[in-house]
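Heads up, entry_21.txt below (compact mmCIF, C-alpha atoms and all ligand atoms):
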```
# COMPACT_ATOMS: atom_id res chain seq x y z
CA MET A 1 -22.50 -1.59 -21.16
CA ASN A 2 -20.73 -1.99 -17.82
CA ASN A 3 -22.26 -1.22 -14.42
CA HIS A 4 -20.50 2.10 -14.20
CA GLU A 5 -22.00 3.35 -17.50
CA LYS A 6 -25.36 1.79 -16.73
CA TYR A 7 -25.86 3.33 -13.32
CA GLY A 8 -23.45 6.26 -13.32
CA LEU A 9 -22.33 5.07 -9.86
CA SER A 10 -25.60 6.31 -8.40
CA PRO A 11 -26.83 5.54 -4.88
CA GLN A 12 -28.96 2.82 -6.56
CA TYR A 13 -25.82 1.21 -8.03
CA TRP A 14 -24.30 0.93 -4.53
CA GLN A 15 -27.58 -0.09 -2.92
CA ASP A 16 -27.83 -2.94 -5.48
CA ARG A 17 -24.30 -4.06 -4.57
CA TYR A 18 -25.32 -4.25 -0.91
CA ASP A 19 -28.59 -6.04 -1.78
CA GLN A 20 -26.75 -8.57 -3.96
CA GLY A 21 -23.98 -9.10 -1.39
CA LYS A 22 -21.39 -7.90 -3.91
CA THR A 23 -19.35 -6.15 -1.24
CA GLY A 24 -15.86 -7.55 -1.73
CA TRP A 25 -14.35 -4.34 -0.29
CA ASP A 26 -15.92 -5.06 3.11
CA ARG A 27 -13.38 -6.74 5.40
CA GLY A 28 -16.06 -7.53 7.99
CA GLY A 29 -14.03 -5.59 10.55
CA PRO A 30 -11.79 -2.55 10.77
CA SER A 31 -8.77 -2.25 8.48
CA PRO A 32 -5.58 -3.54 10.13
CA MET A 33 -3.93 -0.26 9.09
CA LEU A 34 -6.44 1.78 11.06
CA LEU A 35 -5.76 -0.41 14.10
CA GLU A 36 -2.03 0.12 13.59
CA TRP A 37 -2.43 3.91 13.37
CA LEU A 38 -4.51 3.81 16.56
CA ALA A 39 -2.07 1.54 18.44
CA SER A 40 0.98 3.62 17.45
CA GLY A 41 -0.67 6.91 18.43
CA ALA A 42 -0.34 8.25 14.87
CA LEU A 43 -4.11 8.78 15.09
CA LYS A 44 -5.28 10.13 18.44
CA PRO A 45 -8.84 11.02 19.52
CA CYS A 46 -10.04 14.08 17.62
CA THR A 47 -12.85 15.11 15.26
CA ILE A 48 -12.67 12.82 12.25
CA PHE A 49 -14.63 12.49 9.01
CA VAL A 50 -15.16 9.22 7.13
CA PRO A 51 -16.50 9.73 3.57
CA GLY A 52 -18.17 6.77 1.82
CA CYS A 53 -18.10 4.88 5.13
CA GLY A 54 -20.05 1.83 3.93
CA ARG A 55 -21.03 -0.44 6.81
CA GLY A 56 -18.57 1.56 8.87
CA HIS A 57 -16.39 -0.96 10.71
CA GLU A 58 -13.79 1.81 10.97
CA VAL A 59 -16.42 4.26 12.27
CA LEU A 60 -17.24 1.83 15.07
CA ALA A 61 -13.54 1.34 15.91
CA LEU A 62 -12.95 5.09 15.95
CA ALA A 63 -16.03 5.79 18.08
CA LYS A 64 -14.92 3.05 20.50
CA ALA A 65 -11.47 4.65 20.70
CA GLY A 66 -13.00 7.99 21.76
CA PHE A 67 -13.06 9.90 18.48
CA GLN A 68 -15.86 12.30 17.57
CA VAL A 69 -16.77 10.70 14.25
CA THR A 70 -18.88 12.02 11.37
CA ALA A 71 -19.52 9.55 8.57
CA VAL A 72 -21.28 9.95 5.22
CA ASP A 73 -22.63 7.42 2.74
CA TYR A 74 -25.52 7.63 0.33
CA ALA A 75 -26.50 3.94 0.26
CA ASP A 76 -29.45 3.21 2.49
CA SER A 77 -28.23 -0.26 3.54
CA ALA A 78 -24.81 1.02 4.55
CA VAL A 79 -26.23 3.82 6.70
CA GLN A 80 -28.86 1.61 8.33
CA SER A 81 -26.35 -1.14 9.09
CA LEU A 82 -23.93 1.34 10.69
CA GLN A 83 -26.67 3.02 12.72
CA SER A 84 -27.88 -0.30 14.07
CA GLN A 85 -24.31 -1.42 14.93
CA LEU A 86 -23.68 1.86 16.76
CA LYS A 87 -26.86 1.32 18.75
CA HIS A 88 -26.02 -2.32 19.43
CA HIS A 89 -22.57 -1.40 20.77
CA GLN A 90 -23.88 1.71 22.57
CA LEU A 91 -21.48 3.92 20.63
CA LYS A 92 -22.01 7.41 19.25
CA ALA A 93 -21.17 8.85 15.81
CA GLU A 94 -22.93 11.21 13.45
CA VAL A 95 -24.00 9.21 10.40
CA VAL A 96 -25.28 11.28 7.49
CA GLN A 97 -27.00 9.82 4.43
CA ALA A 98 -25.86 12.17 1.69
CA ASP A 99 -23.89 12.51 -1.51
CA ILE A 100 -20.39 13.56 -0.50
CA PHE A 101 -20.34 15.96 -3.44
CA GLN A 102 -23.31 17.80 -1.86
CA TYR A 103 -22.19 17.50 1.76
CA CYS A 104 -21.48 20.68 3.74
CA PRO A 105 -20.15 19.99 7.24
CA THR A 106 -20.89 22.48 10.01
CA GLN A 107 -17.32 22.23 11.30
CA LEU A 108 -13.80 21.62 10.05
CA PHE A 109 -12.35 18.24 10.98
CA ASP A 110 -8.98 17.49 12.60
CA ALA A 111 -8.63 14.37 10.46
CA ILE A 112 -10.18 12.48 7.56
CA TYR A 113 -10.06 8.71 7.10
CA GLU A 114 -10.20 7.83 3.39
CA GLN A 115 -10.73 4.14 2.64
CA THR A 116 -12.15 2.92 -0.67
CA CYS A 117 -14.18 6.07 -1.25
CA LEU A 118 -11.82 7.70 -3.74
CA CYS A 119 -11.58 4.45 -5.74
CA ALA A 120 -15.40 4.20 -5.73
CA ILE A 121 -16.10 7.54 -7.39
CA ASP A 122 -15.90 8.46 -11.06
CA PRO A 123 -12.19 9.23 -11.75
CA ALA A 124 -13.31 12.41 -13.57
CA LYS A 125 -14.43 13.74 -10.16
CA ARG A 126 -11.11 13.20 -8.37
CA GLU A 127 -9.95 16.80 -8.50
CA THR A 128 -13.27 17.96 -7.06
CA TYR A 129 -12.95 15.30 -4.36
CA GLU A 130 -9.44 16.51 -3.45
CA GLN A 131 -10.77 20.08 -3.20
CA LEU A 132 -13.60 18.92 -0.95
CA ILE A 133 -11.23 17.02 1.31
CA THR A 134 -9.07 20.13 1.56
CA SER A 135 -12.12 22.24 2.43
CA TRP A 136 -13.35 19.78 5.09
CA LEU A 137 -10.02 19.68 6.98
CA ARG A 138 -8.73 22.33 9.35
CA PRO A 139 -5.33 23.86 8.55
CA GLN A 140 -2.64 21.28 9.44
CA GLY A 141 -5.34 18.61 9.68
CA LYS A 142 -4.36 15.12 8.54
CA LEU A 143 -5.63 12.78 5.87
CA PHE A 144 -5.19 9.09 6.69
CA ALA A 145 -5.57 7.45 3.30
CA LEU A 146 -5.58 3.94 1.89
CA PHE A 147 -5.09 4.22 -1.87
CA MET A 148 -6.47 1.16 -3.68
CA GLN A 149 -4.25 -0.51 -6.30
CA THR A 150 -5.69 -2.58 -9.13
CA ASP A 151 -4.71 -3.43 -12.69
CA ALA A 152 -8.35 -3.74 -13.80
CA ALA A 153 -9.30 -1.31 -16.56
CA GLU A 154 -12.89 -1.06 -15.31
CA GLY A 155 -14.04 0.00 -11.87
CA PRO A 156 -15.10 0.38 -9.25
CA PRO A 157 -12.62 0.03 -7.72
CA PHE A 158 -10.84 2.53 -9.96
CA ALA A 159 -7.08 2.31 -9.52
CA CYS A 160 -5.35 4.99 -7.45
CA PRO A 161 -1.69 4.63 -8.52
CA LEU A 162 0.70 6.32 -6.11
CA GLY A 163 2.19 8.57 -8.79
CA GLU A 164 -1.28 9.89 -9.65
CA MET A 165 -2.13 10.34 -5.97
CA GLN A 166 1.09 12.29 -5.40
CA LYS A 167 0.06 14.64 -8.22
CA LEU A 168 -3.56 14.88 -7.02
CA PHE A 169 -2.50 15.64 -3.43
CA SER A 170 0.44 17.94 -4.14
CA THR A 171 -0.41 21.63 -3.79
CA GLY A 172 -1.10 22.39 -0.14
CA TRP A 173 -0.20 18.90 1.08
CA THR A 174 2.80 17.30 2.78
CA TRP A 175 3.21 13.53 2.64
CA THR A 176 4.37 12.85 6.19
CA SER A 177 5.25 9.15 5.95
CA GLU A 178 6.52 6.57 3.50
CA PRO A 179 3.54 4.80 1.90
CA LYS A 180 3.02 1.37 3.46
CA ARG A 181 1.63 -1.60 1.54
CA VAL A 182 -1.53 -3.11 3.02
CA GLU A 183 -2.97 -6.33 1.61
CA HIS A 184 -6.68 -6.42 0.84
CA PRO A 185 -8.80 -9.61 0.97
CA MET A 186 -10.04 -8.85 -2.59
CA GLY A 187 -6.55 -9.97 -3.67
CA LEU A 188 -5.57 -6.33 -4.23
CA HIS A 189 -3.46 -4.04 -2.10
CA GLU A 190 -3.59 -0.49 -0.83
CA TRP A 191 -0.90 2.09 -0.12
CA ALA A 192 -1.41 3.60 3.32
CA SER A 193 -0.27 7.20 3.57
CA VAL A 194 -0.61 10.08 6.02
CA LEU A 195 -0.84 13.54 4.46
CA GLN A 196 -0.98 16.89 6.22
CA LYS A 197 -2.82 19.92 4.94
CA SER A 198 -0.67 23.03 5.01
CA ALA A 199 -1.17 25.73 7.65
CA ASN A 200 -2.22 28.38 5.16
CA GLN A 201 -4.72 26.52 2.98
C1 LIG B 1 -16.28 0.53 -2.04
S1 LIG B 1 -17.45 1.02 -0.84
C2 LIG B 1 -16.39 1.32 0.58
C3 LIG B 1 -17.08 1.38 1.90
C4 LIG B 1 -16.15 1.55 3.11
N1 LIG B 1 -15.30 2.73 2.97
C5 LIG B 1 -15.30 0.32 3.33
O1 LIG B 1 -14.09 0.37 3.07
O2 LIG B 1 -15.85 -0.71 3.77
C6 LIG B 1 -17.81 2.67 -1.37
C7 LIG B 1 -18.89 3.31 -0.55
O3 LIG B 1 -18.96 4.68 -0.91
C8 LIG B 1 -20.31 5.05 -1.06
N2 LIG B 1 -20.33 6.15 -2.03
C9 LIG B 1 -19.87 6.14 -3.31
N3 LIG B 1 -20.03 7.34 -3.88
C10 LIG B 1 -20.60 8.14 -2.94
C11 LIG B 1 -21.02 9.49 -2.92
N4 LIG B 1 -20.89 10.28 -4.01
N5 LIG B 1 -21.57 9.99 -1.79
C12 LIG B 1 -21.71 9.20 -0.70
N6 LIG B 1 -21.34 7.90 -0.65
C13 LIG B 1 -20.78 7.38 -1.76
C14 LIG B 1 -21.04 3.81 -1.52
O4 LIG B 1 -22.41 3.84 -1.20
C15 LIG B 1 -20.28 2.71 -0.76
O5 LIG B 1 -20.88 2.43 0.48
```
Could you quickly redo this structure as structure tokens?
Amino acid sequence: MNNHEKYGLSPQYWQDRYDQGKTGWDRGGPSPMLLEWLASGALKPCTIFVPGCGRGHEVLALAKAGFQVTAVDYADSAVQSLQSQLKHHQLKAEVVQADIFQYCPTQLFDAIYEQTCLCAIDPAKRETYEQLITSWLRPQGKLFALFMQTDAAEGPPFACPLGEMQKLFSTGWTWTSEPKRVEHPMGLHEWASVLQKSANQ
């Protein structure tokens, strides 16, 4: 039985990964692609949501850059680490410990930053996840996504091939840029893409 079957990707599964230091996804700092989007002005201060934020290096970078950030994760260690880093750096962000599939924001966000959350959830839940992302974003809001690529049959990370992502994010979405390849220290790579929710969704 693999970890996925054993734990059903529960909060305990992720907590154990943090406890055991099995956090290969964690770059130890913000993704270079996020920094590029910030430097180019593709991503400008706004309300932004970060699902499955982990230790939240990107949340810290966004808060530092003047964004109003809301971040969700259900692993205790991840949330505590992010909260203490925010305090240490005297930065502000709303950090919610919750299951993203139960999360109901009180506002619609201008943008969502998706990094290794989609590849961390059960692939059977992807359509629900896409619907949630759509419901969390304001009309014409943007999704800044890093889609994880892997040949491994077992996850997490579960592969997010571009063709499948283009099908998943088709109705009600415009892909506004050519996907850009981003190397990941795990020896994998991601496709960085910016998608815009339609005005009438
Ligand atoms: C692969 S890690 C990525 C963390 C972070 N995005 C990063 O790139 O460093 C996936 C994270 O998503 C969280 N997660 C997975 N499923 C979740 C769910 N249903 N609700 C909330 N958090 C979830 C896990 O606890 C874990 O911290």
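In terms of minimum interatomic distance to ligand LIG 1 (chain B), A:Cys117 ranks closest within A:Cys117, A:Val69, A:Val182, A:Ala93, counting all atoms listed in the file.
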Give one line per residue of segment 143-186 of chain A that approaches segment 48-51 of chain A to at most 12 Å, naming the two atoms of the closest pair and their distance in Å to one decimal, counting all atoms listed in the file; sort by chain then ascending residue number and deliver it as JSON lines.
```
{"residue": "A:Leu143", "atom": "CA", "partner": "A:Ile48", "partner_atom": "CA", "distance": 9.5}
{"residue": "A:Phe144", "atom": "CA", "partner": "A:Val50", "partner_atom": "CA", "distance": 10.0}
{"residue": "A:Ala145", "atom": "CA", "partner": "A:Val50", "partner_atom": "CA", "distance": 10.5}
```
- Which chains and residue numbers are within 9 Å of ligand LIG 1 (chain B), counting all atoms listed in the file, if I want them as a count of residues only? 54
Counting all atoms listed in the file, closest pick from A:Cys104, A:Phe67, A:Leu60, A:Glu127 relative to Leu86 of chain A is A:Leu60
Would you work out the distance separating atom CA of Arg126 of chain A from atom CA of Gly41 of chain A, expressed in Å to one decimal?
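So the two atoms, atom CA of Arg126 of chain A and atom CA of Gly41 of chain A, lie 29.4 Å apart.
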Q.
Residues within 8 Å of Leu188 of chain A, please, as a PyMOL selection string. Count only C-alpha atoms; anything in the same chain fewer than 6 positions from it doesn't count.
A. chain A and resi 148-150
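Distance check against Leu168 of chain A using all atoms listed in the file: of A:Asp19, A:Glu154, A:Glu130, A:Glu36, the minimum falls on A:Glu130.
With distances restricted to only C-alpha atoms, A:Gly66 is the closest residue to Leu91 of chain A from A:Gly8, A:Gly21, A:Gly155, A:Gly66.
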Between atom CA of Thr176 of chain A and atom CA of Cys46 of chain A lies a distance of 18.4 Å
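Going from atom CA of Phe147 of chain A over to atom CA of Leu82 of chain A, you cover 22.8 Å.
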Using all atoms listed in the file, the residue out of A:Lys92, A:Pro179, A:Ala63, A:Gly172 with shortest distance to Ile133 of chain A is A:Gly172
Min atom-atom distance to Gln131 of chain A from the set A:Lys197, A:Lys22, A:Arg181, A:Lys64, counting all atoms listed in the file, belongs to A:Lys197
Just give me the residues with any atom within 12 Å of (-10.2, 20.9, 8.6), file coordinates, counting only C-alpha atoms, written as a ChimeraX atom specification. /A:46-49,105-112,131-143,196-201
Each side padded by 3 Å, which centre and which edge lengths in Å (one decimal) define the axis-aligned box around the listed atoms of segment 154-169 of chain A? Give them as lines of an AutoDock Vina configuration file.
```
center_x = -6.5
center_y = 7.3
center_z = -9.4
size_x = 23.3
size_y = 22.7
size_z = 17.9
```
Complete segment 65-82 of chain A at the level of N, CA, C and O atoms, written as an mmCIF file, keeping the file's coordinate frame.
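What follows is the written file part_11.cif:
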```cif
data_model
loop_
_atom_site.group_PDB
_atom_site.id
_atom_site.type_symbol
_atom_site.label_atom_id
_atom_site.label_comp_id
_atom_site.auth_asym_id
_atom_site.auth_seq_id
_atom_site.Cartn_x
_atom_site.Cartn_y
_atom_site.Cartn_z
ATOM 1 N N ALA A 65 -12.756 4.120 20.237
ATOM 2 C CA ALA A 65 -11.470 4.650 20.700
ATOM 3 C C ALA A 65 -11.577 6.103 21.178
ATOM 4 O O ALA A 65 -10.566 6.732 21.487
ATOM 5 N N GLY A 66 -12.799 6.654 21.183
ATOM 6 C CA GLY A 66 -13.000 7.990 21.760
ATOM 7 C C GLY A 66 -12.986 9.139 20.776
ATOM 8 O O GLY A 66 -12.924 10.301 21.179
ATOM 9 N N PHE A 67 -13.029 8.826 19.489
ATOM 10 C CA PHE A 67 -13.060 9.900 18.480
ATOM 11 C C PHE A 67 -14.482 10.447 18.344
ATOM 12 O O PHE A 67 -15.457 9.736 18.598
ATOM 13 N N GLN A 68 -14.560 11.710 17.912
ATOM 14 C CA GLN A 68 -15.860 12.300 17.570
ATOM 15 C C GLN A 68 -16.002 12.118 16.049
ATOM 16 O O GLN A 68 -15.379 12.849 15.278
ATOM 17 N N VAL A 69 -16.762 11.113 15.653
ATOM 18 C CA VAL A 69 -16.770 10.700 14.250
ATOM 19 C C VAL A 69 -18.009 11.216 13.512
ATOM 20 O O VAL A 69 -19.128 11.129 14.025
ATOM 21 N N THR A 70 -17.792 11.725 12.292
ATOM 22 C CA THR A 70 -18.880 12.020 11.370
ATOM 23 C C THR A 70 -18.641 11.164 10.135
ATOM 24 O O THR A 70 -17.513 11.122 9.614
ATOM 25 N N ALA A 71 -19.679 10.446 9.705
ATOM 26 C CA ALA A 71 -19.520 9.550 8.570
ATOM 27 C C ALA A 71 -20.635 9.796 7.567
ATOM 28 O O ALA A 71 -21.772 10.067 7.958
ATOM 29 N N VAL A 72 -20.285 9.713 6.276
ATOM 30 C CA VAL A 72 -21.280 9.950 5.220
ATOM 31 C C VAL A 72 -21.279 8.783 4.235
ATOM 32 O O VAL A 72 -20.224 8.280 3.847
ATOM 33 N N ASP A 73 -22.464 8.377 3.846
ATOM 34 C CA ASP A 73 -22.630 7.420 2.740
ATOM 35 C C ASP A 73 -24.015 7.673 2.166
ATOM 36 O O ASP A 73 -24.904 8.124 2.877
ATOM 37 N N TYR A 74 -24.174 7.386 0.857
ATOM 38 C CA TYR A 74 -25.520 7.630 0.330
ATOM 39 C C TYR A 74 -26.312 6.360 0.105
ATOM 40 O O TYR A 74 -27.457 6.424 -0.338
ATOM 41 N N ALA A 75 -25.741 5.187 0.414
ATOM 42 C CA ALA A 75 -26.500 3.940 0.260
ATOM 43 C C ALA A 75 -27.272 3.649 1.544
ATOM 44 O O ALA A 75 -26.702 3.619 2.641
ATOM 45 N N ASP A 76 -28.555 3.442 1.364
ATOM 46 C CA ASP A 76 -29.450 3.210 2.490
ATOM 47 C C ASP A 76 -28.974 2.065 3.389
ATOM 48 O O ASP A 76 -28.900 2.200 4.617
ATOM 49 N N SER A 77 -28.641 0.928 2.773
ATOM 50 C CA SER A 77 -28.230 -0.260 3.540
ATOM 51 C C SER A 77 -27.023 0.019 4.412
ATOM 52 O O SER A 77 -26.950 -0.434 5.554
ATOM 53 N N ALA A 78 -26.053 0.733 3.831
ATOM 54 C CA ALA A 78 -24.810 1.020 4.550
ATOM 55 C C ALA A 78 -25.127 1.858 5.793
ATOM 56 O O ALA A 78 -24.689 1.543 6.910
ATOM 57 N N VAL A 79 -25.919 2.893 5.604
ATOM 58 C CA VAL A 79 -26.230 3.820 6.700
ATOM 59 C C VAL A 79 -27.044 3.095 7.783
ATOM 60 O O VAL A 79 -26.751 3.207 8.977
ATOM 61 N N GLN A 80 -28.015 2.313 7.342
ATOM 62 C CA GLN A 80 -28.860 1.610 8.330
ATOM 63 C C GLN A 80 -28.047 0.587 9.113
ATOM 64 O O GLN A 80 -28.192 0.448 10.324
ATOM 65 N N SER A 81 -27.166 -0.129 8.414
ATOM 66 C CA SER A 81 -26.350 -1.140 9.090
ATOM 67 C C SER A 81 -25.447 -0.460 10.135
ATOM 68 O O SER A 81 -25.338 -0.923 11.272
ATOM 69 N N LEU A 82 -24.829 0.648 9.747
ATOM 70 C CA LEU A 82 -23.930 1.340 10.690
ATOM 71 C C LEU A 82 -24.720 1.880 11.880
ATOM 72 O O LEU A 82 -24.291 1.730 13.036
#
```
